[in-house]
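Novice: Sharing upload.txt below, compact mmCIF, C-alpha atoms:
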```
# COMPACT_ATOMS: atom_id res chain seq x y z
CA MET A 1 37.57 147.61 93.23
CA ARG A 2 35.22 144.62 93.28
CA MET A 3 37.74 142.55 91.32
CA ILE A 4 40.40 143.38 93.92
CA ASN A 5 38.07 142.50 96.80
CA LYS A 6 37.18 139.25 95.09
CA ASN A 7 40.87 138.32 94.73
CA ILE A 8 41.49 139.19 98.36
CA GLY A 9 38.59 136.97 99.35
CA VAL A 10 39.94 134.05 97.32
CA GLY A 11 43.37 134.51 98.90
CA LEU A 12 41.94 134.50 102.39
CA VAL A 13 40.06 131.29 101.69
CA MET A 14 43.21 129.60 100.40
CA LEU A 15 45.25 130.77 103.38
CA ALA A 16 42.59 129.50 105.77
CA THR A 17 42.62 126.13 104.00
CA LEU A 18 46.42 125.85 104.33
CA ILE A 19 46.32 126.78 108.00
CA LEU A 20 43.58 124.30 108.74
CA GLY A 21 45.46 121.60 106.81
CA ALA A 22 48.64 122.31 108.75
CA CYS A 23 46.80 122.21 112.04
CA LYS A 24 45.23 118.91 111.08
CA LYS A 25 48.67 117.45 110.18
CA ASP A 26 50.25 118.63 113.44
CA SER A 27 47.41 117.21 115.46
CA SER A 28 47.91 113.78 113.83
CA GLU A 29 51.73 113.58 114.26
CA ASN A 30 52.89 111.03 116.81
CA THR A 31 54.37 113.09 119.67
CA ALA A 32 55.11 110.17 122.00
CA PRO A 33 58.73 109.70 123.15
CA PRO A 34 60.75 106.90 121.53
CA THR A 35 61.22 103.43 122.98
CA LEU A 36 63.88 100.88 122.07
CA SER A 37 63.40 97.15 122.47
CA ALA A 38 65.87 95.09 120.40
CA VAL A 39 68.58 94.98 117.76
CA THR A 40 68.63 92.62 114.76
CA THR A 41 70.60 92.13 111.59
CA LEU A 42 69.15 93.05 108.21
CA ASN A 43 68.91 89.39 107.23
CA GLU A 44 67.50 87.98 110.48
CA ARG A 45 65.01 90.68 111.43
CA GLY A 46 63.01 88.43 113.75
CA THR A 47 65.95 87.31 115.88
CA PRO A 48 67.12 89.75 118.60
CA LEU A 49 70.89 89.97 118.98
CA GLN A 50 72.86 89.86 122.22
CA SER A 51 75.86 91.60 120.64
CA ILE A 52 77.38 92.61 117.29
CA GLY A 53 80.64 94.04 115.96
CA TYR A 54 81.82 97.51 114.97
CA GLY A 55 80.91 98.68 111.46
CA GLU A 56 77.89 96.40 110.96
CA TRP A 57 74.47 97.31 109.54
CA ILE A 58 71.71 96.76 112.12
CA ILE A 59 67.99 97.37 112.65
CA ILE A 60 67.00 98.98 115.95
CA LYS A 61 63.47 97.95 116.94
CA GLY A 62 61.15 100.18 118.99
CA THR A 63 58.30 102.65 118.73
CA ASN A 64 57.84 106.32 117.85
CA LEU A 65 61.06 106.46 115.83
CA SER A 66 60.01 108.18 112.61
CA THR A 67 61.32 111.61 113.68
CA THR A 68 64.77 110.30 114.64
CA SER A 69 67.42 113.02 114.34
CA LYS A 70 70.47 111.13 115.59
CA VAL A 71 71.69 107.70 116.66
CA ASP A 72 74.49 107.78 119.22
CA PHE A 73 76.74 104.78 119.96
CA ASN A 74 78.31 105.58 123.33
CA GLY A 75 79.31 109.07 122.19
CA THR A 76 79.99 108.30 118.52
CA LEU A 77 77.24 109.42 116.11
CA ALA A 78 76.12 107.38 113.14
CA ALA A 79 76.42 109.22 109.82
CA ASP A 80 73.13 110.81 108.71
CA SER A 81 73.57 109.27 105.28
CA LEU A 82 73.67 105.80 106.90
CA THR A 83 70.53 106.19 109.02
CA TYR A 84 66.96 105.38 107.82
CA ALA A 85 64.11 105.78 110.33
CA GLU A 86 60.51 104.50 110.32
CA ASP A 87 58.02 104.54 113.18
CA ASN A 88 58.96 101.07 114.50
CA SER A 89 62.55 100.67 113.32
CA ILE A 90 65.80 102.41 112.44
CA THR A 91 68.20 100.94 109.91
CA VAL A 92 71.69 102.21 110.64
CA LYS A 93 75.35 101.39 110.12
CA ILE A 94 77.45 101.24 113.28
CA PRO A 95 80.61 103.39 113.01
CA ALA A 96 83.88 101.57 112.39
CA ASN A 97 85.39 102.65 115.72
CA LEU A 98 83.71 103.18 119.07
CA ILE A 99 84.95 104.29 122.48
CA ASP A 100 84.65 101.01 124.39
CA PRO A 101 85.80 97.54 123.30
CA ILE A 102 82.47 95.97 124.31
CA ASN A 103 79.91 98.13 126.12
CA ASN A 104 78.53 100.76 123.74
CA PRO A 105 74.90 101.67 124.60
CA ILE A 106 72.70 102.99 121.80
CA THR A 107 70.91 106.31 122.34
CA VAL A 108 68.25 107.48 119.86
CA THR A 109 67.07 111.08 119.77
CA THR A 110 63.77 112.00 118.10
CA LYS A 111 61.76 115.21 117.88
CA TYR A 112 59.98 114.21 121.08
CA GLY A 113 62.61 112.66 123.32
CA THR A 114 65.47 110.18 123.73
CA ALA A 115 65.80 106.50 124.58
CA THR A 116 68.80 104.34 125.43
CA LEU A 117 69.31 100.60 124.93
CA ASN A 118 72.19 98.93 126.77
CA PHE A 119 73.74 96.71 124.15
CA GLN A 120 77.13 95.13 123.48
CA ILE A 121 78.85 96.35 120.32
CA LYS A 122 82.26 94.69 120.23
CA GLN A 123 85.46 95.76 118.57
CA PRO A 124 87.03 93.05 116.36
CA GLY A 125 89.54 90.69 117.91
CA PRO A 126 93.05 92.15 118.33
CA GLN A 127 95.39 92.12 115.32
CA ILE A 128 99.21 92.17 115.41
CA THR A 129 100.95 93.41 112.27
CA ASP A 130 104.50 93.59 113.64
CA PHE A 131 106.65 94.20 116.69
CA SER A 132 110.03 95.85 117.02
CA PRO A 133 112.74 95.01 117.77
CA GLY A 134 112.45 91.29 117.09
CA ALA A 135 114.61 90.31 120.07
CA GLY A 136 115.51 91.80 123.43
CA ASN A 137 116.77 91.33 126.96
CA VAL A 138 114.80 91.51 130.20
CA ASP A 139 113.30 95.00 130.69
CA ASP A 140 113.97 96.06 127.08
CA GLU A 141 111.02 97.96 125.59
CA ILE A 142 109.21 96.35 122.67
CA THR A 143 106.67 98.13 120.46
CA ILE A 144 103.81 96.05 119.10
CA ASP A 145 101.81 97.48 116.18
CA GLY A 146 98.38 96.37 115.04
CA ASN A 147 94.76 97.26 115.70
CA TYR A 148 91.88 96.84 118.15
CA PHE A 149 93.98 96.92 121.31
CA LYS A 150 91.41 98.96 123.27
CA GLY A 151 90.75 97.51 126.71
CA ILE A 152 93.90 95.38 126.51
CA THR A 153 94.05 93.01 129.48
CA GLY A 154 97.46 91.42 128.95
CA VAL A 155 100.52 90.69 126.82
CA THR A 156 102.64 87.57 127.23
CA ILE A 157 105.93 86.37 125.76
CA ASN A 158 106.47 82.62 126.02
CA GLY A 159 103.44 82.57 128.34
CA VAL A 160 105.01 85.04 130.77
CA ALA A 161 103.12 88.26 131.49
CA ALA A 162 104.88 91.42 130.30
CA THR A 163 104.55 94.85 131.89
CA ILE A 164 102.47 97.15 129.67
CA VAL A 165 104.16 100.55 129.45
CA SER A 166 101.49 102.23 127.30
CA SER A 167 98.70 101.31 124.90
CA THR A 168 96.46 102.82 122.24
CA GLN A 169 94.07 101.21 119.81
CA THR A 170 96.90 100.54 117.34
CA GLN A 171 100.08 100.27 119.43
CA VAL A 172 101.26 98.68 122.67
CA LYS A 173 104.62 99.16 124.37
CA ILE A 174 105.79 96.46 126.79
CA LYS A 175 108.87 95.47 128.75
CA VAL A 176 110.43 92.05 128.16
CA PRO A 177 109.67 89.90 131.23
CA ALA A 178 112.10 87.57 132.96
CA GLY A 179 111.51 84.17 131.38
CA GLY A 180 110.17 85.79 128.21
CA THR A 181 113.32 86.59 126.24
CA TYR A 182 112.08 84.31 123.46
CA GLY A 183 108.75 82.80 122.47
CA GLN A 184 105.32 83.60 121.08
CA VAL A 185 103.87 87.09 121.60
CA VAL A 186 100.19 87.03 122.60
CA ILE A 187 97.87 90.01 123.16
CA THR A 188 94.54 89.64 124.97
CA THR A 189 91.61 92.07 125.01
CA PRO A 190 88.04 91.62 126.34
CA VAL A 191 87.12 90.32 122.88
CA GLY A 192 89.80 87.66 122.50
CA SER A 193 93.48 86.87 122.00
CA VAL A 194 95.88 86.90 119.06
CA THR A 195 99.35 85.40 118.58
CA ALA A 196 101.91 87.23 116.45
CA THR A 197 102.94 85.38 113.31
CA LYS A 198 106.64 85.95 114.03
CA THR A 199 108.42 84.77 117.14
CA PHE A 200 110.29 86.94 119.59
CA GLY A 201 113.94 86.54 120.46
CA LEU A 202 116.61 83.92 119.90
CA LYS A 203 116.95 80.52 121.57
CA HIS A 204 120.51 80.29 120.30
CA THR A 205 122.46 83.48 119.51
CA ILE A 206 125.15 83.83 116.85
CA PHE A 207 125.42 87.64 116.92
CA ASP A 208 123.94 90.38 119.11
CA ASP A 209 126.46 93.18 119.72
CA ALA A 210 129.20 90.54 119.24
CA LEU A 211 129.69 86.95 118.11
CA ARG A 212 128.40 84.44 120.67
CA ASN A 213 128.54 80.74 121.55
CA SER A 214 131.90 80.05 119.83
CA TRP A 215 130.75 81.19 116.36
CA THR A 216 133.49 82.83 114.30
CA ASN A 217 133.61 85.17 111.33
CA THR A 218 134.57 83.61 107.96
CA SER A 219 133.07 86.27 105.65
CA TYR A 220 134.63 86.77 102.21
CA SER A 221 135.01 89.04 99.14
CA PHE A 222 133.52 92.15 100.77
CA THR A 223 134.75 95.72 100.32
CA SER A 224 134.66 96.33 104.08
CA LEU A 225 133.31 94.57 107.17
CA ASP A 226 132.93 95.90 110.71
CA LEU A 227 131.57 93.52 113.36
CA ALA A 228 131.43 96.28 115.98
CA SER A 229 129.84 99.17 114.09
CA THR A 230 128.02 101.72 116.23
CA THR A 231 126.59 103.54 113.22
CA ASN A 232 123.22 101.78 113.06
CA ALA A 233 122.37 99.07 115.59
CA ARG A 234 119.03 97.27 115.59
CA ARG A 235 119.23 97.27 119.37
CA GLY A 236 122.03 97.39 121.90
CA THR A 237 125.13 99.29 120.82
CA THR A 238 126.66 97.54 117.80
CA ALA A 239 125.76 95.80 114.57
CA ILE A 240 127.59 94.28 111.61
CA ASN A 241 128.28 96.84 108.88
CA VAL A 242 129.19 95.22 105.58
CA VAL A 243 129.85 96.93 102.26
CA HIS A 244 129.38 94.20 99.68
CA LYS A 245 130.92 93.55 96.35
CA ALA A 246 128.78 91.56 93.95
CA PHE A 247 128.17 88.11 95.47
CA SER A 248 130.32 88.67 98.54
CA ALA A 249 129.10 87.11 101.79
CA VAL A 250 128.83 87.44 105.52
CA ARG A 251 129.53 83.95 106.85
CA PHE A 252 129.64 82.44 110.33
CA ARG A 253 131.24 79.16 111.38
CA LEU A 254 130.81 76.86 114.36
CA VAL A 255 133.59 74.28 114.27
CA ALA A 256 131.74 71.91 116.59
CA LYS A 257 128.67 72.15 114.29
CA PHE A 258 125.26 73.29 115.45
CA ALA A 259 122.67 70.52 115.91
CA THR A 260 119.27 71.77 114.80
CA ALA A 261 117.19 69.33 116.89
CA GLY A 262 114.82 71.36 119.06
CA TYR A 263 115.08 74.41 116.78
CA SER A 264 112.90 75.37 113.82
CA MET A 265 114.27 78.45 112.04
CA VAL A 266 117.03 80.92 111.24
CA LYS A 267 116.45 84.50 112.40
CA ILE A 268 118.24 87.65 111.28
CA SER A 269 117.62 91.41 111.18
CA MET A 270 118.96 93.43 108.24
CA PHE A 271 118.93 97.10 107.26
CA GLY A 272 119.23 97.86 103.55
CA GLY A 273 121.53 100.71 102.59
CA PRO A 274 121.10 103.04 99.58
CA GLY A 275 120.00 101.25 96.40
CA THR A 276 119.13 97.95 98.08
CA GLN A 277 115.34 98.03 97.74
CA GLY A 278 114.26 94.69 96.27
CA LYS A 279 117.80 93.33 96.18
CA LYS A 280 118.43 89.80 97.43
CA VAL A 281 120.52 88.15 100.10
CA ARG A 282 120.74 84.35 99.84
CA ILE A 283 120.89 82.13 102.90
CA SER A 284 122.76 78.84 102.62
CA VAL A 285 124.26 76.36 105.04
CA THR A 286 127.10 73.86 105.06
CA PRO A 287 126.82 70.89 104.98
CA THR A 288 124.82 71.82 101.89
CA ALA A 289 121.08 71.41 102.29
CA GLY A 290 119.27 74.22 100.48
CA THR A 291 119.06 77.97 99.92
CA TYR A 292 116.52 80.73 100.49
CA ASP A 293 116.44 84.33 99.22
CA LEU A 294 115.64 87.31 101.44
CA VAL A 295 114.45 90.57 99.84
CA LEU A 296 115.95 93.75 101.30
CA ASN A 297 114.07 96.88 102.33
CA GLU A 298 116.02 100.08 101.79
CA GLY A 299 116.34 102.43 104.73
CA LYS A 300 114.68 100.25 107.38
CA TRP A 301 115.33 97.30 109.61
CA THR A 302 113.48 94.13 108.70
CA ASP A 303 113.29 91.01 110.86
CA TYR A 304 113.44 87.78 108.88
CA GLN A 305 112.70 84.27 110.07
CA VAL A 306 113.34 81.35 107.75
CA PRO A 307 112.06 77.89 108.72
CA PHE A 308 114.64 75.13 108.35
CA ILE A 309 112.30 73.41 105.90
CA ASN A 310 113.00 76.30 103.49
CA ILE A 311 116.74 75.56 103.50
CA GLY A 312 116.55 71.79 103.24
CA ASN A 313 116.05 70.80 106.88
CA PRO A 314 119.76 70.53 107.79
CA ALA A 315 120.50 68.23 110.75
CA THR A 316 123.69 70.11 111.55
CA ILE A 317 125.16 73.45 110.50
CA GLU A 318 128.86 74.32 110.39
CA TYR A 319 128.66 77.40 108.14
CA LEU A 320 125.75 79.82 107.93
CA THR A 321 126.12 82.15 104.93
CA PHE A 322 124.31 85.35 103.93
CA GLN A 323 125.44 86.15 100.38
CA GLU A 324 124.65 89.27 98.33
CA PHE A 325 122.83 87.73 95.36
CA SER A 326 121.81 90.56 93.04
CA GLY A 327 125.28 91.26 91.65
CA PHE A 328 125.13 94.66 93.26
CA ALA A 329 127.65 96.55 95.43
CA SER A 330 125.75 97.63 98.55
CA GLN A 331 125.89 98.44 102.23
CA ILE A 332 123.91 96.31 104.68
CA PHE A 333 123.66 96.34 108.47
CA ILE A 334 123.07 93.02 110.27
CA ASP A 335 121.99 92.32 113.83
CA ASP A 336 120.30 89.67 116.00
CA VAL A 337 121.41 86.54 114.14
CA GLY A 338 120.62 83.12 115.51
CA PHE A 339 118.18 80.23 115.74
CA TYR A 340 114.79 79.72 117.29
```
Show me this structure written as structure tokens.

Specialist:
Amino acid sequence: MRMINKNIGVGLVMLATLILGACKKDSSENTAPPTLSAVTTLNERGTPLQSIGYGEWIIIKGTNLSTTSKVDFNGTLAADSLTYAEDNSITVKIPANLIDPINNPITVTTKYGTATLNFQIKQPGPQITDFSPGAGNVDDEITIDGNYFKGITGVTINGVAATIVSSTQTQVKIKVPAGGTYGQVVITTPVGSVTATKTFGLKHTIFDDALRNSWTNTSYSFTSLDLASTTNARRGTTAINVVHKAFSAVRFRLVAKFATAGYSMVKISMFGGPGTQGKKVRISVTPTAGTYDLVLNEGKWTDYQVPFINIGNPATIEYLTFQEFSGFASQIFIDDVGFY
């Protein structure tokens, strides 16, 4: 009995020690609410930032931050695994995408309160990967693909403002404006502007739904050729549907000869039929200047633009030839042929 009482006594002493220790720890914990004062980079910790971009590592300066439970960027939480808190700082990685293109206040929540710092975290500048179709008439709808279009403030073609039909972070739909049927495509957001690498439209048209501007058809060696096919048009109602034999060609002629002064490139849209992936179509001109090979994409329309420098800088063009050059019988659709 004494042994049992002795053990009970020892246990009570130990329990009392633990309780007292816990009470002492609680009484020493900093219970003040958090404050936030500045944001820096990891490399320049003494220099407060005015703004920074999405997806960057930052240090948030302040006080009473050691019990941080979450860091909120305008409604988007930082990942717990990318947040490291000490009493006077939080090291955290900003998420890759936030709600606003510029204004994304930082809210820190600790065990004892919250604090918010109004701070600019900017999306990257807009990026254009492609637009489709590559040409169009006034009021035609054009789809522009890319990224970081949030907060878009304008789209222009040839410097003329286009009507924005709809927009998301990765896609914008516009209508072709009067005076903007050809030219550079530019997107502007609160962060900056970007110009598409390919041009829109044709300054001189050879084919769009039909042959234009006195150009004639002088194609040769094909299995079949339809210059008014409604099967698969890039835009409008018709396209050229050619079923090639090996090395046959779609060829256009302008008897008066086309003077290239004031123009810089050949443009064409092609759709590769079955078995055409990676196959080649060779562009050449007469009078002979040079050649350039286009690589087909099976099952999709691709817009090509070939600078005149790539085909020998011809001063004039009488014949413009697109020759199957893989020795392969194939079907190809062609649309929107001309010069820019």

Novice: Could you make a table, as a tab-separated table, of the residues of region 200-300 of chain A that have an atom within 12 Å of an atom of region 140-153 of chain A, each with its nearest atom pair and distance in Å to one decimal, counting all atoms listed in the file, in chain and number order?

Specialist:
```
residue	atom	partner	partner_atom	distance
A:Phe200	CA	A:Ile142	CA	10.0
A:Gly201	CA	A:Ile142	CA	11.1
A:Arg235	CA	A:Asp140	CA	9.4
A:Gly236	CA	A:Asp140	CA	9.7
```

Novice: Tell me, as a ChimeraX atom specification, which residues lie within 8 Å of region 222-230 of chain A, counting all atoms listed in the file; anything in the same chain fewer than 2 positions away does not count.

Specialist: /A:209-210,219-220,232-233,237-245,248-249

Novice: Output C-alpha atoms of each residue in that selection to a file, as a compact mmCIF listing (two decimals), keeping the file's coordinate frame.

Specialist:
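For reference, out.txt as written:
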```
# COMPACT_ATOMS: atom_id res chain seq x y z
CA ASP A 209 126.46 93.18 119.72
CA ALA A 210 129.20 90.54 119.24
CA SER A 219 133.07 86.27 105.65
CA TYR A 220 134.63 86.77 102.21
CA ASN A 232 123.22 101.78 113.06
CA ALA A 233 122.37 99.07 115.59
CA THR A 237 125.13 99.29 120.82
CA THR A 238 126.66 97.54 117.80
CA ALA A 239 125.76 95.80 114.57
CA ILE A 240 127.59 94.28 111.61
CA ASN A 241 128.28 96.84 108.88
CA VAL A 242 129.19 95.22 105.58
CA VAL A 243 129.85 96.93 102.26
CA HIS A 244 129.38 94.20 99.68
CA LYS A 245 130.92 93.55 96.35
CA SER A 248 130.32 88.67 98.54
CA ALA A 249 129.10 87.11 101.79
```

Novice: Using only C-alpha atoms, determine which residues lie at most 7 Å from region 85-100 of chain A, disregarding the query and same-chain residues fewer than 3 positions distant; provide the list as a list in words.

Specialist: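 So, after excluding close chain neighbours, the residues are Tyr54, Gly55, Glu56, Trp57, Ile58, Ile59, Ile60, Lys61, Gly62, Thr63, Asn64, Leu65, Ser66, Thr68, Asn74, Thr76, Ala78, Leu82, Asn103 and Asn104 of chain A.
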
Novice: With distances taken over all atoms listed in the file, which of A:Lys280, A:Lys267, A:Lys175, A:Lys122 is nearest to Thr156 (chain A)?

Specialist: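 When distances to Thr156 (chain A) are compared using all atoms listed in the file, the smallest one comes from A:Lys175.
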
Novice: Out of A:Ala79, A:Ile317, A:Ile334, A:Val172, which residue has the shortest atom-to-atom distance to Tyr304 (chain A) when counting only C-alpha atoms?

Specialist: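 Result for the nearest residue to Tyr304 (chain A): A:Ile334.
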
Novice: Which residue out of A:Val160, A:Val155, A:Val71, A:Val191 has the minimum interatomic distance to Ser51 (chain A) when only C-alpha atoms are used?

Specialist: A:Val191

Novice: With all atoms listed in the file as the counted atoms, please give the residues lying no more than 9 Å from region 117-121 of chain A, apart from itself and same-chain residues fewer than 2 positions off, as a list in words.

Specialist: Thr35, Leu36, Ser37, Ala38, Val39, Leu49, Gln50, Ser51, Ile52, Gly53, Tyr54, Phe73, Ile94, Leu98, Asp100, Pro101, Ile102, Asn103, Asn104, Pro105, Ile106, Thr107, Val108, Ala115 and Gln123 of chain A

Novice: Taking all atoms listed in the file into account, which of A:Asn137, A:Phe207, A:Thr110, A:Phe247 comes nearest Ala32 (chain A)?

Specialist: A:Thr110

Novice: Name all residues at most 9 Å from Thr181 (chain A) (count only C-alpha atoms; drop same-chain ones fewer than 3 positions away) and give them as an mmCIF file with C-alpha atoms, in the frame of the given file.

Specialist:
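Below is the file that was written, out_33.cif:
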```
data_model
loop_
_atom_site.group_PDB
_atom_site.id
_atom_site.type_symbol
_atom_site.label_atom_id
_atom_site.label_comp_id
_atom_site.auth_asym_id
_atom_site.auth_seq_id
_atom_site.Cartn_x
_atom_site.Cartn_y
_atom_site.Cartn_z
ATOM 1 C CA ALA A 135 114.610 90.310 120.070
ATOM 2 C CA GLY A 136 115.510 91.800 123.430
ATOM 3 C CA ASN A 137 116.770 91.330 126.960
ATOM 4 C CA VAL A 138 114.800 91.510 130.200
ATOM 5 C CA ILE A 157 105.930 86.370 125.760
ATOM 6 C CA ASN A 158 106.470 82.620 126.020
ATOM 7 C CA VAL A 176 110.430 92.050 128.160
ATOM 8 C CA PRO A 177 109.670 89.900 131.230
ATOM 9 C CA ALA A 178 112.100 87.570 132.960
ATOM 10 C CA PHE A 200 110.290 86.940 119.590
ATOM 11 C CA GLY A 201 113.940 86.540 120.460
ATOM 12 C CA LEU A 202 116.610 83.920 119.900
ATOM 13 C CA LYS A 203 116.950 80.520 121.570
#
```

Novice: Enter the distance from CA of Lys300 (chain A) to CA of Phe271 (chain A), in Å, rounded to one decimal.

Specialist: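 Rounded to one decimal, the two atoms are 5.3 Å apart.
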
Novice: Considering all atoms listed in the file, can you say which of A:Arg234, A:Lys279, A:Lys198, A:His204 comes closest to Gly327 (chain A)?

Specialist: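 Among A:Arg234, A:Lys279, A:Lys198, A:His204, it is A:Lys279 that comes nearest to Gly327 (chain A).
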